[in-house]
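K.L.:
Structure incoming, see below.
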Amino acid sequence: MTFPFENTSQFYRRAFLSQYAGSLGGLALAHLLQSSDRVTQGKEIEKRSNVGRAKSIICLFQHGGPSQMDLFDPKPELTKWHGKPYPGGSLEVHFDKQMGNVLGSPFGFRQHGQCGMELCELLPHTAKIVDDITMVRSMNTESVDHESALRLIHTGRFLAGMPVMGSWVVYALGTVNANLPAYVVLGDPGGLPVDGQRNWSSGWLPAVYQGTMFRSGKSPVLHLETPAGVVEPARRNQLQFIEDLNRRFLNQHPESSELAARIANFETAARMQTTVPEILDVSTETESTRELYGLNRPETKEYGTRCLLARRLVERGVRFVQIFLNGQPWDTHSKNAESLKGLCARTDQPSAALVQDLKQRGLLDSTIVLWTGEFGRLPVSQGTDGRDHNRHAFSLWIAGGGFRQGYTHGATDDFGYKSVEDVVTVHDLLATLLDALGIDHRQLTYPHDGRETSLTDSEVTKARVIRQLLH
Amino acid sequence: MHASMRPLARVALAAMVSSCALADDAPQFDRQIAPLLKAHCVKCHGPAKQEGKLNLSTPADLIRGNEQGAVLVPHDLEASRLWKQVQTDEMPPDAPLTEDQKSLLQRWIQLGAPGLPKFGATKMSGDHWSFRQLKSSTVPTVVQADGLINEVDTFAQTAREAAKVNANPEAEKWALIRRVSLDVTGLPPSLDELECFLADSSSGSHSRMVEYYLASPQFGVRWGKHWLDAVGYADSNGYFNADSNRPLAFRYRDYVVRSINQDKPFDRFIVEQIAGDELARYAPDQSVTAETIELLEATHFLRNGQDGSGESDGNPDEVRADRYYALESVMQNTTSALLGLTIQCAKCHDHKFEPISQLDYYRLQAIFYPTFHIERWVNPKDRFVFAPLPDEQQRWEQQSQDAKERAAKLRRELADWVKDHRVRGDVLFEDGFDSVSERVEDQWSDTAPGDDSPGGSVAVKLDVESPPAAMIKDGKLRIIEGGTQGDSWLSTKAKFDWTPDTVGEAIQVTFDLIDKQLQTDGPAAFRIGYFIALHDFNDNSATAGGNVLIDGNPTEGTALHLDYPGSDGRSIGTLGTTGYTPGQNYGVRVTNIDKGKFRIEQLVNSFPDEKPVDVRAGDLPDGGFGFEYCCGRSFIVDNVLIERISASPKEDRLLTELKKRHEELAKAVQRRKELADNRPGKIAWGGDMASDLPEVHLLTRGNYSSRGEIVQPGTLSALGDGASPFAVTTTHTGDRSSGRRLAWAEWVTRSESKAAALMARVQVNRLWQQYFGKGIVTTPDNLGMSGAPPSHPELLDWLASKLIQDDWSMKSIHRIVLNSATYRQSSHLQTESFKADPDNRMVWRNSSRRLDAEAIRDQMLAISGEIDLTIGGPYIPTSRLESGEIVAPEDITGSSRRSLYLNQKRTQVVSFLSVFDAPSIVFNSVRRNTSTMSLQSLSLLNSDFAVRRSRAIATRLQRLESDELNRLTLAFQIFYCREPNQNEATELIRFLEHQSKLYSEQSDARDRAWQDLCQSLMASSEFMYVE
């Protein structure tokens, strides 16, 4: 279609946005390019996006706050002081009345791989990929409240209603597969995670950038099946008729990006009816792949299937895939050790399998796999056998997409309470992930409430790219 | 305008241009300079962080400068340190201002910093435009006065002239009636309304049409929903995944719809919702009037927030946090919906972007604390009062009495009938517990007949009260069980032959079940157990089997165990289908059915129940009859009777009669129960939980366990003024309410005050947003300092003043806006204006807007003729299908009611609505996104809802018009309110013909083609948008 006045900047941007929303890349880029005082930076971004290795992200989100000292960050001092009052001074405790003594980890740690990264015995499969991942032991965040901490790591802010990173990434890069949403959430069949749909909300970014939830089971997306009795040629003719009607209306409002997008959406919808079921059918995978992800075992089958689907989606050009767990299983306020056993049995193998599989297929260079929760846990017990929330330290790992391999970053104090060396804030993490995708976090902005806003809001948060994490 | 300007600069320039006609052409402080400073400087030099001890967020502080003196000297660039640092790109450090921005600032200082108060005249930190009192705006004079209808147009035209954009002409009549009808009622015009309006060419036709829709009860449904969203209404508690229901919330929803329909003055509307109970001086159990009831219903406003405290089962800290969460929700809903402020930040520290201190936050908390008294907590489901009207109460009492009497009468008649018709045999045993001695031990024992030890490790004591025991009281036998002693039994002293010799011969035992508990408030037995063939507790006798336990279940299906208790005991299935309820007679009959087999049947009122179980002779040795003692199951029985019946009774005909009587009785009992459960006047209210005045503490860093200073109730200091004092009047003796809410509600509604001014601005802004797609302030949830600046500040203030002047009549504002030429403009594109103002901030047209989710669904039901326009009442339940889709099931009465009346469950938003951006209410919602997604297309093409509506509309069209050509025209009128043009008509026919051919294999090809045509129109943009 030809637009009557392509030189009008605002109009151009809007038309561009709508035309390619969820179908082609470069939206924010287009937006940046049309701003005269940023042309230079915009071009720089363009160049950078060619050198950025990563094209997509898979986020394996571990709700509840995985216990760093029991999984990734060995602390012999804890064992030494086990059962004694905490000697390290005052602690910020969420449930202060239940604070107990130092709680040593009951799990053994051993070095793995060529890099010699130390991991807990509950993670035998992650142990196999240590030479491919960056382990960050010096994370911190700003809240000990689940919802706030979730919003911080997803949106960079406490308050509800802000756009999540996935939305920003898709806004910046678009997708390369017009038949699929650019941002897919693979939900837990057990139910929504804590804070629900806000975990993938586009906030005040246009709604096309919000995550599309694929349900487990037969109907990942509602209404993929043509109603009974509607024959295919009739459906095609009907779609054409709808398009004609909509085009006539668009002609009366040629400036409307929404109306143009509506036309495109009917086409996408029709294509999704065949493509989505295909993608979700993992029966075409080889037996060895299915075994790798643990599809043959009841404890790993469900989570493993979703990890495998994540690979299939990324393979087909989906930009951002997020896997969530229902509720917040890592929130081990009581029976910490026992719960961790079950959780690791469920998630260790499939998470590692995803990295191995992507590597085998040559996709790991272009795909970032991020394994993280929203905060960590305390070195002392809550009640007798639990651990309370801790915002001062947590660990996470990242694989692929230009992140360093076999590298351990930063350190916590002797008790794992506080990150003290090479501290990485959640804002730094967001800035670094964007950088790996070839996006300068300071330039990825969107006008909102009368100002240019960004994911990292670096003027306030001082977010910076942590170069040591990248090659 | 330059083609490639940054959005911020563009907005600033547009604002500058627009201000030209209003004053001289100096940059405006409010609209240009303050936003500029806010965006680029206030982060580091603001209320939160005052780097260099400099605060640039308020006029006063800007004037004050810092310790080194002034940063800004009007008319003197050289002396203005602010300018020097900006000019040299020293500030802002990371992203220097653009040349446009710099020149704006430069000019402003050169011109004497207009808009700043006289130096030294202010020390108010809350001197933000929306926090000021309302001054009557003078309606400006405009150059182009043609076509202006009212003040809205004068203000709008002034702004347009400044921005060099031209107003669009009035939309066509068909488009106008469709727009007004959908905007005002959320429904499309009916064919009659359309025809009537199109035919009316007289001068006042538009106003009359507007009045017609404003008077429609559906106006309240539509605008009630806007209000309910703004205050966070939902039919469920949320917070946890349990998301339990709020079955009584609908009374508040109905109150809102009613109030909006009667145009209740907005100030009154607010006072009622915040403090209706205090206004009525209501105390529970006092007799009430209809007015009081309405006031109590209104207070459910306070409970709209999420409240998980009823499901909270965590540790005490979590429980406390969940309670606080409910309290914080009401604060958030109130400040957001009424005042357009975000206060949550101030929970932990002074607000970084708004003049709201942490102390302000806790002063406000003290207002609502008595209702959500953390230490005297009442769970949501228990937070109600019964406030029926006297005649309502009387009617209910009468009905309850009648129902009780009827049930009693039917029970008596049944007993008499049974007595007359039951099979009679030879009485082997009888105990009515009426003997003179009143001793259990006369006929009963703790030991089975012939056994060597008592039944149970702790034997049942006879004629005492301490458990396990059996005693007679009031002529009835009490089975008193203690709960922890394990199994034991009470047995008849006599033993009986449970295996009659001849085929057809039977032995039966029956008893009256008087009650399932010993005291009315005691625990109810969850089983009524009794034995036949009792002979051996320890399994040490030579005879095997026996000890057959009939374990009666209150609901249905009686478990049958052989040789109970002990490890060799075994379950042999379920007996009968009737549950054990007091007031009936129960028992079993054992009949010889030949070949050594014996049939056990459950007897209910002496007649056999369905589902017998067959056993062998060896299972039934001679033995006693007895009652089981176990696990806290105590009950009362009477009239134990054991009889031998010599031949199979013929009972078939009698059973039918019995069944009928049973059903009749069950119905009467059910009716009695329903009445008892539905005591009238139940209102889920928001009254104070306890009469003691709580101490409310400031919580250090917002931590629930870090109590700081005690805080008194109060108001937001930025809105403090002399015009509206805040005072809690002492309440009269016996009042259980603190009076705090009433004081706050009166403070916020006092016409002359800053608070009322802000509240009025927030309301008219939201109203504007509904009629134009965007508010005058585009952040309707935030009119604070971090919110967007208004596009038409004078118009906003004029409308706010008008609202207050017209006694807070919202309809008055609706009327002004709907009648304005500005609203009536067409949506069409005008190239020049579009180039100048692509976002239509100057309202040079009324942009086409996609309907919101509810209007889309309701419109589909309306044009298909299926809509049920009933107003009010409990919500229509929704359900989650296996596919995950959430629907209002089509087979449920009310599934075609307006969307407002479907269950507004937070975690279960009807899929068809949520795909079109209906929010899942977590907090409140004052603005909807309009997303455009493929999932919407899928829903319109393939959902059962869309398919059914298409079918219904096709059927309706066929019924209305038999001629197909005319029918096509009619379809366009129904869908779009207009007739098709020549091209469209041709295309419609072509589609119909072609589609019929494609379906030619099917017998209903033509019908299908019509359905597809209707579905296509339904999916079309023209239908989904108002123009």
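The way I read the labels, and the way they are meant: chains A, B, ... in the order of the structure tokens, residue 1 as the first residue of every chain, and ligand 1 as the first ligand shown, with later ones counted on from there.
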For stretch 310-324 of chain A, find every residue with an atom within 6 Å (counting only C-alpha atoms), except residues of its own chain fewer than 6 positions away, and show them as number ranges by chain.

P.N.:
A: 56-61, 166, 175-177, 182-187

K.L.:
Fewer than 6 positions away in the same chain doesn't count, so skip those; otherwise give me all residues within 8 Å of stretch 1021-1026 of chain B, counting only C-alpha atoms, as a ChimeraX atom specification.

P.N.:
/A:245-246,249,259,262 /B:175,178-179,182,848-851,856,975-976

K.L.:
Please list as a PyMOL selection string every residue within 9 Å of A:Asn336, counting only C-alpha atoms and excluding residues in the same chain fewer than 6 positions away.

P.N.:
chain A and resi 67+330+385-387

K.L.:
Set the distance at 8 Å and use only C-alpha atoms: which residues neighbour A:Val426 once local chain neighbours fewer than 4 positions away are removed? I'd like the list as a PyMOL selection string.

P.N.:
chain A and resi 139-141+152-153+156+430

K.L.:
Considering only C-alpha atoms, can you say which of A:Pro181, A:Gly108, A:Pro298, A:Gly438 comes closest to chain B?

P.N.:
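With only C-alpha atoms as the atom set, the closest residue is A:Pro181.
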
K.L.:
For B:Val152, which residue among B:Ala403, B:Val139, B:Val711, B:Val256 is the nearest when counting only C-alpha atoms?

P.N.:
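Result for the nearest residue to B:Val152: B:Val139.
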
K.L.:
Taking the DSSP secondary structure from the backbone, can you list the residues of stretch 266-433 of chain A that are alpha helix (DSSP H), as JSON, numbers by chain?

P.N.:
{"A": [266, 267, 268, 269, 270, 271, 272, 273, 274, 275, 276, 277, 278, 279, 280, 287, 288, 289, 290, 291, 292, 298, 299, 300, 301, 302, 303, 304, 305, 306, 307, 308, 309, 310, 311, 312, 313, 314, 315, 336, 337, 338, 339, 340, 341, 342, 343, 344, 345, 346, 347, 348, 349, 350, 351, 352, 353, 354, 355, 356, 357, 358, 359, 360, 426, 427, 428, 429, 430, 431, 432, 433]}

K.L.:
Report, in Å with one decimal, the straight-line distance from atom CA of B:Tyr580 to atom CA of B:Asp474.

P.N.:
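Going from atom CA of B:Tyr580 over to atom CA of B:Asp474, I get 21.9 Å.
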
K.L.:
Measuring between only C-alpha atoms, which one of A:Leu180, A:Leu470, A:Ala436, A:Leu309 shows the shortest distance to chain B?

P.N.:
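So, comparing all the options, the nearest one is A:Leu180.
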
K.L.:
What is the distance, in Å and to one decimal place, between atom CA of A:Gln382 and atom CA of A:His333?

P.N.:
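Atom-to-atom, atom CA of A:Gln382 to atom CA of A:His333, that is 6.4 Å.
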
K.L.:
Got a sec: who's within 7 Å of A:Gly327, counting only C-alpha atoms, leaving out chain neighbours fewer than 4 positions off, as a VMD selection string?

P.N.:
chain A and resid 192 to 194

K.L.:
Do a neighbour search on B:Thr88 at 12 Å with only C-alpha atoms, toss out local chain neighbours closer than 6 positions, and write the hits as number ranges by chain.

P.N.:
B: 81-82, 96-99, 102

K.L.:
Selected residues, all heavy atoms, written as a PDB file, in the first residue's frame, please.

P.N.:
```pdb
ATOM      1  N   ARG B  81      23.297  29.834  36.682  1.00  0.00           N
ATOM      2  CA  ARG B  81      24.211  28.691  36.627  1.00  0.00           C
ATOM      3  C   ARG B  81      23.571  27.497  35.915  1.00  0.00           C
ATOM      4  O   ARG B  81      24.227  26.703  35.262  1.00  0.00           O
ATOM      5  CB  ARG B  81      24.643  28.293  38.041  1.00  0.00           C
ATOM      6  CG  ARG B  81      25.661  29.263  38.641  1.00  0.00           C
ATOM      7  CD  ARG B  81      26.189  28.714  39.945  1.00  0.00           C
ATOM      8  NE  ARG B  81      25.156  28.740  40.981  1.00  0.00           N
ATOM      9  CZ  ARG B  81      24.978  27.782  41.882  1.00  0.00           C
ATOM     10  NH1 ARG B  81      25.742  26.705  41.856  1.00  0.00           N
ATOM     11  NH2 ARG B  81      24.024  27.888  42.791  1.00  0.00           N
ATOM     12  N   LEU B  82      22.282  27.395  36.106  1.00  0.00           N
ATOM     13  CA  LEU B  82      21.549  26.319  35.424  1.00  0.00           C
ATOM     14  C   LEU B  82      21.811  26.371  33.922  1.00  0.00           C
ATOM     15  O   LEU B  82      22.137  25.380  33.275  1.00  0.00           O
ATOM     16  CB  LEU B  82      20.046  26.477  35.706  1.00  0.00           C
ATOM     17  CG  LEU B  82      19.087  25.531  34.993  1.00  0.00           C
ATOM     18  CD1 LEU B  82      19.256  24.116  35.499  1.00  0.00           C
ATOM     19  CD2 LEU B  82      17.640  25.974  35.202  1.00  0.00           C
ATOM     20  N   PRO B  96      23.223  15.266  26.954  1.00  0.00           N
ATOM     21  CA  PRO B  96      23.005  16.705  26.864  1.00  0.00           C
ATOM     22  C   PRO B  96      21.670  17.029  26.198  1.00  0.00           C
ATOM     23  O   PRO B  96      21.148  16.216  25.424  1.00  0.00           O
ATOM     24  CB  PRO B  96      24.167  17.192  25.990  1.00  0.00           C
ATOM     25  CG  PRO B  96      25.168  16.090  26.002  1.00  0.00           C
ATOM     26  CD  PRO B  96      24.443  14.825  26.259  1.00  0.00           C
ATOM     27  N   LEU B  97      21.150  18.211  26.487  1.00  0.00           N
ATOM     28  CA  LEU B  97      19.888  18.608  25.858  1.00  0.00           C
ATOM     29  C   LEU B  97      20.118  18.877  24.368  1.00  0.00           C
ATOM     30  O   LEU B  97      21.222  19.216  23.941  1.00  0.00           O
ATOM     31  CB  LEU B  97      19.356  19.875  26.524  1.00  0.00           C
ATOM     32  CG  LEU B  97      18.988  19.775  28.004  1.00  0.00           C
ATOM     33  CD1 LEU B  97      18.263  21.046  28.452  1.00  0.00           C
ATOM     34  CD2 LEU B  97      18.103  18.565  28.272  1.00  0.00           C
ATOM     35  N   THR B  98      19.058  18.732  23.603  1.00  0.00           N
ATOM     36  CA  THR B  98      19.153  19.027  22.170  1.00  0.00           C
ATOM     37  C   THR B  98      19.175  20.551  21.994  1.00  0.00           C
ATOM     38  O   THR B  98      18.837  21.297  22.918  1.00  0.00           O
ATOM     39  CB  THR B  98      17.941  18.469  21.415  1.00  0.00           C
ATOM     40  OG1 THR B  98      16.781  19.146  21.918  1.00  0.00           O
ATOM     41  CG2 THR B  98      17.789  16.977  21.642  1.00  0.00           C
ATOM     42  N   GLU B  99      19.516  20.953  20.803  1.00  0.00           N
ATOM     43  CA  GLU B  99      19.560  22.391  20.539  1.00  0.00           C
ATOM     44  C   GLU B  99      18.187  23.024  20.743  1.00  0.00           C
ATOM     45  O   GLU B  99      18.051  24.107  21.290  1.00  0.00           O
ATOM     46  CB  GLU B  99      20.079  22.658  19.120  1.00  0.00           C
ATOM     47  CG  GLU B  99      21.575  22.383  18.955  1.00  0.00           C
ATOM     48  CD  GLU B  99      22.454  23.012  20.052  1.00  0.00           C
ATOM     49  OE1 GLU B  99      22.235  24.207  20.384  1.00  0.00           O
ATOM     50  OE2 GLU B  99      23.326  22.298  20.607  1.00  0.00           O
ATOM     51  N   LYS B 102      17.577  23.385  24.360  1.00  0.00           N
ATOM     52  CA  LYS B 102      18.399  24.457  24.930  1.00  0.00           C
ATOM     53  C   LYS B 102      17.816  25.834  24.586  1.00  0.00           C
ATOM     54  O   LYS B 102      17.709  26.707  25.445  1.00  0.00           O
ATOM     55  CB  LYS B 102      19.823  24.381  24.385  1.00  0.00           C
ATOM     56  CG  LYS B 102      20.660  23.287  25.037  1.00  0.00           C
ATOM     57  CD  LYS B 102      22.079  23.366  24.493  1.00  0.00           C
ATOM     58  CE  LYS B 102      22.875  22.131  24.854  1.00  0.00           C
ATOM     59  NZ  LYS B 102      24.145  22.073  24.123  1.00  0.00           N
TER      60      LYS B 102
END
```

K.L.:
Let me make sure I understand: among A:Thr275, A:Ser381, A:Thr79, A:Gln210, which one has the smallest atom-to-atom distance to chain B if we use only C-alpha atoms?

P.N.:
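Ranking A:Thr275, A:Ser381, A:Thr79, A:Gln210 by distance to chain B, first place goes to A:Gln210.
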